[in-house]
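Colleague: Input file: start37.cif. Contents: mmCIF, C-alpha atoms.
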```cif
data_data
loop_
_atom_site.group_PDB
_atom_site.id
_atom_site.type_symbol
_atom_site.label_atom_id
_atom_site.label_comp_id
_atom_site.auth_asym_id
_atom_site.auth_seq_id
_atom_site.Cartn_x
_atom_site.Cartn_y
_atom_site.Cartn_z
ATOM 1 C CA MET A 1 72.774 84.382 91.423
ATOM 2 C CA SER A 2 71.262 80.880 91.229
ATOM 3 C CA THR A 3 74.761 79.343 91.215
ATOM 4 C CA MET A 4 75.556 81.177 94.451
ATOM 5 C CA LEU A 5 72.295 79.968 96.024
ATOM 6 C CA LEU A 6 72.977 76.365 94.955
ATOM 7 C CA LEU A 7 76.537 76.546 96.307
ATOM 8 C CA SER A 8 75.281 77.920 99.658
ATOM 9 C CA LEU A 9 72.680 75.163 99.891
ATOM 10 C CA LEU A 10 75.245 72.424 99.187
ATOM 11 C CA LEU A 11 77.647 73.895 101.733
ATOM 12 C CA CYS A 12 74.924 73.957 104.380
ATOM 13 C CA ILE A 13 73.898 70.356 103.693
ATOM 14 C CA SER A 14 77.475 69.085 103.829
ATOM 15 C CA ALA A 15 78.129 70.967 107.084
ATOM 16 C CA CYS A 16 75.008 69.473 108.655
ATOM 17 C CA GLU A 17 75.965 65.956 107.588
ATOM 18 C CA LYS A 18 79.462 66.292 109.024
ATOM 19 C CA ASN A 19 78.174 66.847 112.591
ATOM 20 C CA SER A 20 75.348 64.325 112.550
ATOM 21 C CA ASN A 21 75.702 60.764 113.765
ATOM 22 C CA PRO A 22 73.084 58.469 112.196
ATOM 23 C CA GLY A 23 71.266 56.254 114.656
ATOM 24 C CA THR A 24 72.168 58.367 117.704
ATOM 25 C CA ILE A 25 69.426 60.214 119.542
ATOM 26 C CA SER A 26 70.541 62.786 122.084
ATOM 27 C CA LEU A 27 68.178 62.605 125.056
ATOM 28 C CA GLY A 28 68.580 64.422 128.326
ATOM 29 C CA SER A 29 69.957 67.667 129.584
ATOM 30 C CA GLU A 30 73.291 68.791 130.917
ATOM 31 C CA LEU A 31 73.155 69.451 134.673
ATOM 32 C CA CYS A 32 75.882 71.495 136.369
ATOM 33 C CA LEU A 33 76.019 71.935 140.137
ATOM 34 C CA ALA A 34 78.088 74.612 141.866
ATOM 35 C CA THR A 35 79.570 73.146 145.065
ATOM 36 C CA LEU A 36 79.420 75.842 147.759
ATOM 37 C CA HIS A 37 80.402 76.005 151.432
ATOM 38 C CA HIS A 38 79.781 79.278 153.290
ATOM 39 C CA GLU A 39 79.265 81.013 149.909
ATOM 40 C CA ARG A 40 82.721 79.838 148.782
ATOM 41 C CA GLY A 41 83.139 77.485 145.844
ATOM 42 C CA LEU A 42 84.901 74.212 146.645
ATOM 43 C CA THR A 43 86.849 72.120 144.176
ATOM 44 C CA GLU A 44 87.423 68.364 144.373
ATOM 45 C CA ILE A 45 83.927 67.668 145.777
ATOM 46 C CA THR A 46 82.537 64.399 144.433
ATOM 47 C CA VAL A 47 78.905 64.825 143.411
ATOM 48 C CA TYR A 48 76.802 61.686 143.009
ATOM 49 C CA ILE A 49 73.446 61.580 141.206
ATOM 50 C CA LYS A 50 70.566 59.128 141.644
ATOM 51 C CA PHE A 51 68.060 59.201 138.763
ATOM 52 C CA ASN A 52 64.297 59.099 139.332
ATOM 53 C CA ALA A 53 64.537 59.060 143.113
ATOM 54 C CA ALA A 54 61.529 60.341 145.052
ATOM 55 C CA GLU A 55 63.227 59.781 148.416
ATOM 56 C CA PHE A 56 66.626 60.862 149.692
ATOM 57 C CA PRO A 57 69.065 57.965 149.018
ATOM 58 C CA GLY A 58 71.365 58.785 151.953
ATOM 59 C CA TYR A 59 75.133 59.131 152.219
ATOM 60 C CA ASP A 60 76.111 55.619 153.322
ATOM 61 C CA ASP A 61 75.679 53.391 150.251
ATOM 62 C CA LEU A 62 77.247 55.134 147.257
ATOM 63 C CA SER A 63 76.570 52.110 145.042
ATOM 64 C CA VAL A 64 72.895 53.184 144.717
ATOM 65 C CA PHE A 65 73.914 56.251 142.684
ATOM 66 C CA ASP A 66 73.878 56.197 138.889
ATOM 67 C CA ASP A 67 76.780 58.535 138.134
ATOM 68 C CA SER A 68 79.329 60.855 139.728
ATOM 69 C CA ALA A 69 81.444 63.879 138.806
ATOM 70 C CA VAL A 70 84.124 65.873 140.621
ATOM 71 C CA SER A 71 83.875 69.656 140.914
ATOM 72 C CA ASP A 72 86.456 71.417 138.775
ATOM 73 C CA GLU A 73 88.541 74.573 139.238
ATOM 74 C CA PHE A 74 85.328 76.613 138.894
ATOM 75 C CA ALA A 75 83.644 74.574 141.686
ATOM 76 C CA GLU A 76 81.270 72.955 139.171
ATOM 77 C CA ALA A 77 80.393 69.298 138.755
ATOM 78 C CA CYS A 78 78.602 68.623 135.451
ATOM 79 C CA PHE A 79 76.660 65.650 134.131
ATOM 80 C CA ASP A 80 75.709 65.084 130.482
ATOM 81 C CA LYS A 81 72.393 63.722 129.244
ATOM 82 C CA ILE A 82 70.398 63.601 132.480
ATOM 83 C CA PRO A 83 66.880 62.283 131.740
ATOM 84 C CA PRO A 84 63.738 64.165 132.760
ATOM 85 C CA GLY A 85 62.485 63.337 136.245
ATOM 86 C CA GLU A 86 63.236 63.911 139.920
ATOM 87 C CA HIS A 87 66.845 63.246 140.867
ATOM 88 C CA TRP A 88 68.863 63.419 144.076
ATOM 89 C CA CYS A 89 72.417 64.720 144.175
ATOM 90 C CA ILE A 90 74.831 64.495 147.087
ATOM 91 C CA GLY A 91 78.234 66.098 147.408
ATOM 92 C CA ILE A 92 81.005 64.672 149.580
ATOM 93 C CA GLY A 93 84.491 66.072 150.038
ATOM 94 C CA HIS A 94 86.861 68.123 152.143
ATOM 95 C CA ASP A 95 87.094 71.864 152.794
ATOM 96 C CA GLU A 96 90.846 72.441 152.638
ATOM 97 C CA LEU A 97 90.657 75.934 154.154
ATOM 98 C CA LEU A 98 88.808 74.750 157.285
ATOM 99 C CA ASP A 99 90.342 71.248 157.200
ATOM 100 C CA GLU A 100 86.887 69.695 157.691
ATOM 101 C CA PRO A 101 84.941 66.970 155.861
ATOM 102 C CA VAL A 102 81.832 68.344 154.149
ATOM 103 C CA ARG A 103 78.708 66.929 152.548
ATOM 104 C CA GLY A 104 75.346 68.109 151.314
ATOM 105 C CA SER A 105 72.424 67.190 149.122
ATOM 106 C CA VAL A 106 69.869 68.662 146.747
ATOM 107 C CA ARG A 107 66.835 67.261 144.951
ATOM 108 C CA TYR A 108 66.516 68.490 141.378
ATOM 109 C CA GLU A 109 63.772 67.993 138.807
ATOM 110 C CA ILE A 110 64.322 68.167 135.057
ATOM 111 C CA LEU A 111 61.097 68.733 133.174
ATOM 112 C CA ARG A 112 62.261 68.835 129.534
ATOM 113 C CA ASN A 113 65.035 67.327 127.431
ATOM 114 C CA GLY A 114 67.768 69.377 125.887
ATOM 115 C CA LEU A 115 67.786 72.443 128.138
ATOM 116 C CA PRO A 116 70.996 72.988 130.135
ATOM 117 C CA GLN A 117 70.357 73.155 133.879
ATOM 118 C CA ASP A 118 72.364 74.882 136.618
ATOM 119 C CA THR A 119 71.891 74.716 140.380
ATOM 120 C CA VAL A 120 73.814 74.853 143.643
ATOM 121 C CA ILE A 121 74.620 72.080 146.099
ATOM 122 C CA LEU A 122 75.412 73.470 149.549
ATOM 123 C CA VAL A 123 77.815 71.391 151.607
ATOM 124 C CA SER A 124 78.583 71.773 155.303
ATOM 125 C CA GLU A 125 80.711 70.146 157.995
ATOM 126 C CA TYR A 126 79.547 66.900 159.546
#
```
Before we go any further, please render this structure as structure tokens.
Modeller:
Amino acid sequence: MSTMLLLSLLLCISACEKNSNPGTISLGSELCLATLHHERGLTEITVYIKFNAAEFPGYDDLSVFDDSAVSDEFAEACFDKIPPGEHWCIGIGHDELLDEPVRGSVRYEILRNGLPQDTVILVSEY
């Protein structure tokens, strides 16, 4: 019985070591945004995120944003390791069905590290 316990303990320790990366600290949360227009998910919408922004950054100067992602076949744009704080996201793209350019924005606050976050960014014609 003790041999089995020792073997289980060694197996657990070796499995834990295999997945760890010394010196790396994982901070932040994953944030996924569903890109919707008239309750319909849109793909190929570029979503930009500005970290720690109390005020709306606007649509004109995209260089002020910290990162971007494109919505996938499930109409989701995801970001890894977003730090806690207030962030602004904007989505810019094209609604192929209506043949119209679309854009929208959402402010999102992450309060704690490590918890996956999901929200919606509504886009409309402009």
Colleague: Using all atoms listed in the file, which protein or nucleic acid residues come within 8 Å of Thr119 of chain A? Drop anything in the same chain fewer than 5 positions from it, and give the result as a ChimeraX atom specification.
Modeller: /A:31-34
Colleague: Report, as lines of an AutoDock Vina configuration file, the centre and edge lengths in Å (one decimal) of the axis-aligned box enclosing every listed atom of segment 77-86 of chain A, padded by 8 Å on each side.
Modeller:
```
center_x = 71.4
center_y = 65.8
center_z = 134.6
size_x = 33.9
size_y = 23.0
size_z = 26.7
```
Colleague: Mind pulling up the distance from atom CA of Thr35 of chain A to atom CA of Gly58 of chain A?
Modeller: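 So the answer is 17.9 Å.
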Colleague: Here is a test: counting only C-alpha atoms, which residue of A:Ala77, A:Leu27, A:Val70, A:Cys89 is nearest to Ile49 of chain A?
Modeller: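 Closest to Ile49 of chain A of all the choices is A:Cys89.
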Colleague: Have a look at A:Asp118, A:Glu125, A:Glu44, A:Glu55 and name the one nearest to Glu86 of chain A; count all atoms listed in the file.
Modeller: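 The shortest atom-to-atom distance to Glu86 of chain A comes from A:Glu55.
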Colleague: Please write as a PyMOL selection string the full residue list that the PyMOL selection byres ((chain A and resi 36) around 8) yields on this file.
Modeller: chain A and resi 34-35+37-42+75+120-123
Colleague: For the structure provided, state which residues fall under the PyMOL selection byres ((chain A and resi 107) around 6), and present them as a ChimeraX atom specification.
Modeller: /A:87-88,106,108
Colleague: Written as a ChimeraX atom specification, which residues does the PyMOL selection byres ((chain A and resi 84) around 12) give for the file shown?
Modeller: /A:27-31,51-53,81-83,85-87,108-117
Colleague: Would you compute the distance between atom CA of Glu73 of chain A and atom CA of Thr43 of chain A? Give it in Å to one decimal.
Modeller: 5.8 Å
Colleague: Report, in Å with one decimal, the straight-line distance from atom CA of Tyr48 of chain A to atom CA of Ala69 of chain A.
Modeller: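 Pair atom CA of Tyr48 of chain A / atom CA of Ala69 of chain A returns 6.6 Å.
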Colleague: Find the residue from A:Gly91, A:Tyr126, A:Phe74, A:Leu98 that sits nearest to Leu62 of chain A; use all atoms listed in the file when measuring.
Modeller: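 Ranking A:Gly91, A:Tyr126, A:Phe74, A:Leu98 by distance to Leu62 of chain A, first place goes to A:Gly91.
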Colleague: Would you please work out which residue, of A:Ser68, A:His94, A:Phe79, A:Val102, is nearest to Val47 of chain A when using all atoms listed in the file?
Modeller: A:Ser68
Colleague: Provide segment 76-99 of chain A rebuilt to N, CA, C and O atoms, formatted as an mmCIF file, in the frame of the given file.
Modeller:
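Dumped everything to rebuild.cif:
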```
data_model
loop_
_atom_site.group_PDB
_atom_site.id
_atom_site.type_symbol
_atom_site.label_atom_id
_atom_site.label_comp_id
_atom_site.auth_asym_id
_atom_site.auth_seq_id
_atom_site.Cartn_x
_atom_site.Cartn_y
_atom_site.Cartn_z
ATOM 1 N N GLU A 76 82.438 73.505 139.845
ATOM 2 C CA GLU A 76 81.270 72.955 139.171
ATOM 3 C C GLU A 76 81.476 71.481 138.859
ATOM 4 O O GLU A 76 82.528 71.082 138.378
ATOM 5 N N ALA A 77 80.437 70.706 139.145
ATOM 6 C CA ALA A 77 80.393 69.298 138.755
ATOM 7 C C ALA A 77 79.270 69.170 137.737
ATOM 8 O O ALA A 77 78.133 69.538 138.026
ATOM 9 N N CYS A 78 79.590 68.676 136.539
ATOM 10 C CA CYS A 78 78.602 68.623 135.451
ATOM 11 C C CYS A 78 78.354 67.192 135.004
ATOM 12 O O CYS A 78 79.271 66.370 134.969
ATOM 13 N N PHE A 79 77.099 66.939 134.651
ATOM 14 C CA PHE A 79 76.660 65.650 134.131
ATOM 15 C C PHE A 79 76.024 65.882 132.769
ATOM 16 O O PHE A 79 75.243 66.816 132.599
ATOM 17 N N ASP A 80 76.319 65.010 131.813
ATOM 18 C CA ASP A 80 75.709 65.084 130.482
ATOM 19 C C ASP A 80 74.498 64.171 130.410
ATOM 20 O O ASP A 80 74.462 63.126 131.056
ATOM 21 N N LYS A 81 73.544 64.573 129.605
ATOM 22 C CA LYS A 81 72.393 63.722 129.244
ATOM 23 C C LYS A 81 71.646 63.143 130.438
ATOM 24 O O LYS A 81 71.438 61.939 130.554
ATOM 25 N N ILE A 82 71.220 64.010 131.341
ATOM 26 C CA ILE A 82 70.398 63.601 132.480
ATOM 27 C C ILE A 82 68.953 63.540 132.008
ATOM 28 O O ILE A 82 68.440 64.508 131.435
ATOM 29 N N PRO A 83 68.258 62.416 132.229
ATOM 30 C CA PRO A 83 66.880 62.283 131.740
ATOM 31 C C PRO A 83 65.914 63.141 132.553
ATOM 32 O O PRO A 83 66.208 63.505 133.695
ATOM 33 N N PRO A 84 64.759 63.451 131.983
ATOM 34 C CA PRO A 84 63.738 64.165 132.760
ATOM 35 C C PRO A 84 63.322 63.329 133.974
ATOM 36 O O PRO A 84 63.366 62.100 133.940
ATOM 37 N N GLY A 85 62.939 64.006 135.029
ATOM 38 C CA GLY A 85 62.485 63.337 136.245
ATOM 39 C C GLY A 85 63.065 63.989 137.482
ATOM 40 O O GLY A 85 63.801 64.972 137.411
ATOM 41 N N GLU A 86 62.710 63.434 138.645
ATOM 42 C CA GLU A 86 63.236 63.911 139.920
ATOM 43 C C GLU A 86 64.510 63.139 140.242
ATOM 44 O O GLU A 86 64.520 61.911 140.207
ATOM 45 N N HIS A 87 65.555 63.861 140.587
ATOM 46 C CA HIS A 87 66.845 63.246 140.867
ATOM 47 C C HIS A 87 67.393 63.795 142.183
ATOM 48 O O HIS A 87 67.119 64.940 142.537
ATOM 49 N N TRP A 88 68.167 62.976 142.873
ATOM 50 C CA TRP A 88 68.863 63.419 144.076
ATOM 51 C C TRP A 88 70.352 63.480 143.795
ATOM 52 O O TRP A 88 70.917 62.569 143.185
ATOM 53 N N CYS A 89 70.973 64.557 144.273
ATOM 54 C CA CYS A 89 72.417 64.720 144.175
ATOM 55 C C CYS A 89 72.980 64.899 145.580
ATOM 56 O O CYS A 89 72.385 65.608 146.404
ATOM 57 N N ILE A 90 74.112 64.252 145.840
ATOM 58 C CA ILE A 90 74.831 64.495 147.087
ATOM 59 C C ILE A 90 76.261 64.871 146.746
ATOM 60 O O ILE A 90 76.803 64.442 145.729
ATOM 61 N N GLY A 91 76.842 65.715 147.568
ATOM 62 C CA GLY A 91 78.234 66.098 147.408
ATOM 63 C C GLY A 91 79.007 65.711 148.657
ATOM 64 O O GLY A 91 78.547 65.954 149.778
ATOM 65 N N ILE A 92 80.168 65.102 148.463
ATOM 66 C CA ILE A 92 81.005 64.672 149.580
ATOM 67 C C ILE A 92 82.439 65.070 149.266
ATOM 68 O O ILE A 92 82.926 64.847 148.163
ATOM 69 N N GLY A 93 83.105 65.676 150.259
ATOM 70 C CA GLY A 93 84.491 66.072 150.038
ATOM 71 C C GLY A 93 85.123 66.665 151.276
ATOM 72 O O GLY A 93 84.713 66.364 152.408
ATOM 73 N N HIS A 94 86.076 67.548 151.050
ATOM 74 C CA HIS A 94 86.861 68.123 152.143
ATOM 75 C C HIS A 94 87.060 69.611 151.871
ATOM 76 O O HIS A 94 87.428 69.992 150.756
ATOM 77 N N ASP A 95 86.814 70.429 152.886
ATOM 78 C CA ASP A 95 87.094 71.864 152.794
ATOM 79 C C ASP A 95 88.527 72.058 153.265
ATOM 80 O O ASP A 95 88.828 71.943 154.455
ATOM 81 N N GLU A 96 89.424 72.312 152.318
ATOM 82 C CA GLU A 96 90.846 72.441 152.638
ATOM 83 C C GLU A 96 91.137 73.631 153.539
ATOM 84 O O GLU A 96 92.000 73.565 154.418
ATOM 85 N N LEU A 97 90.421 74.732 153.366
ATOM 86 C CA LEU A 97 90.657 75.934 154.154
ATOM 87 C C LEU A 97 90.336 75.694 155.627
ATOM 88 O O LEU A 97 91.088 76.095 156.511
ATOM 89 N N LEU A 98 89.218 75.027 155.909
ATOM 90 C CA LEU A 98 88.808 74.750 157.285
ATOM 91 C C LEU A 98 89.304 73.396 157.787
ATOM 92 O O LEU A 98 89.131 73.078 158.961
ATOM 93 N N ASP A 99 89.885 72.591 156.894
ATOM 94 C CA ASP A 99 90.342 71.248 157.200
ATOM 95 C C ASP A 99 89.240 70.417 157.854
ATOM 96 O O ASP A 99 89.424 69.807 158.906
#
```
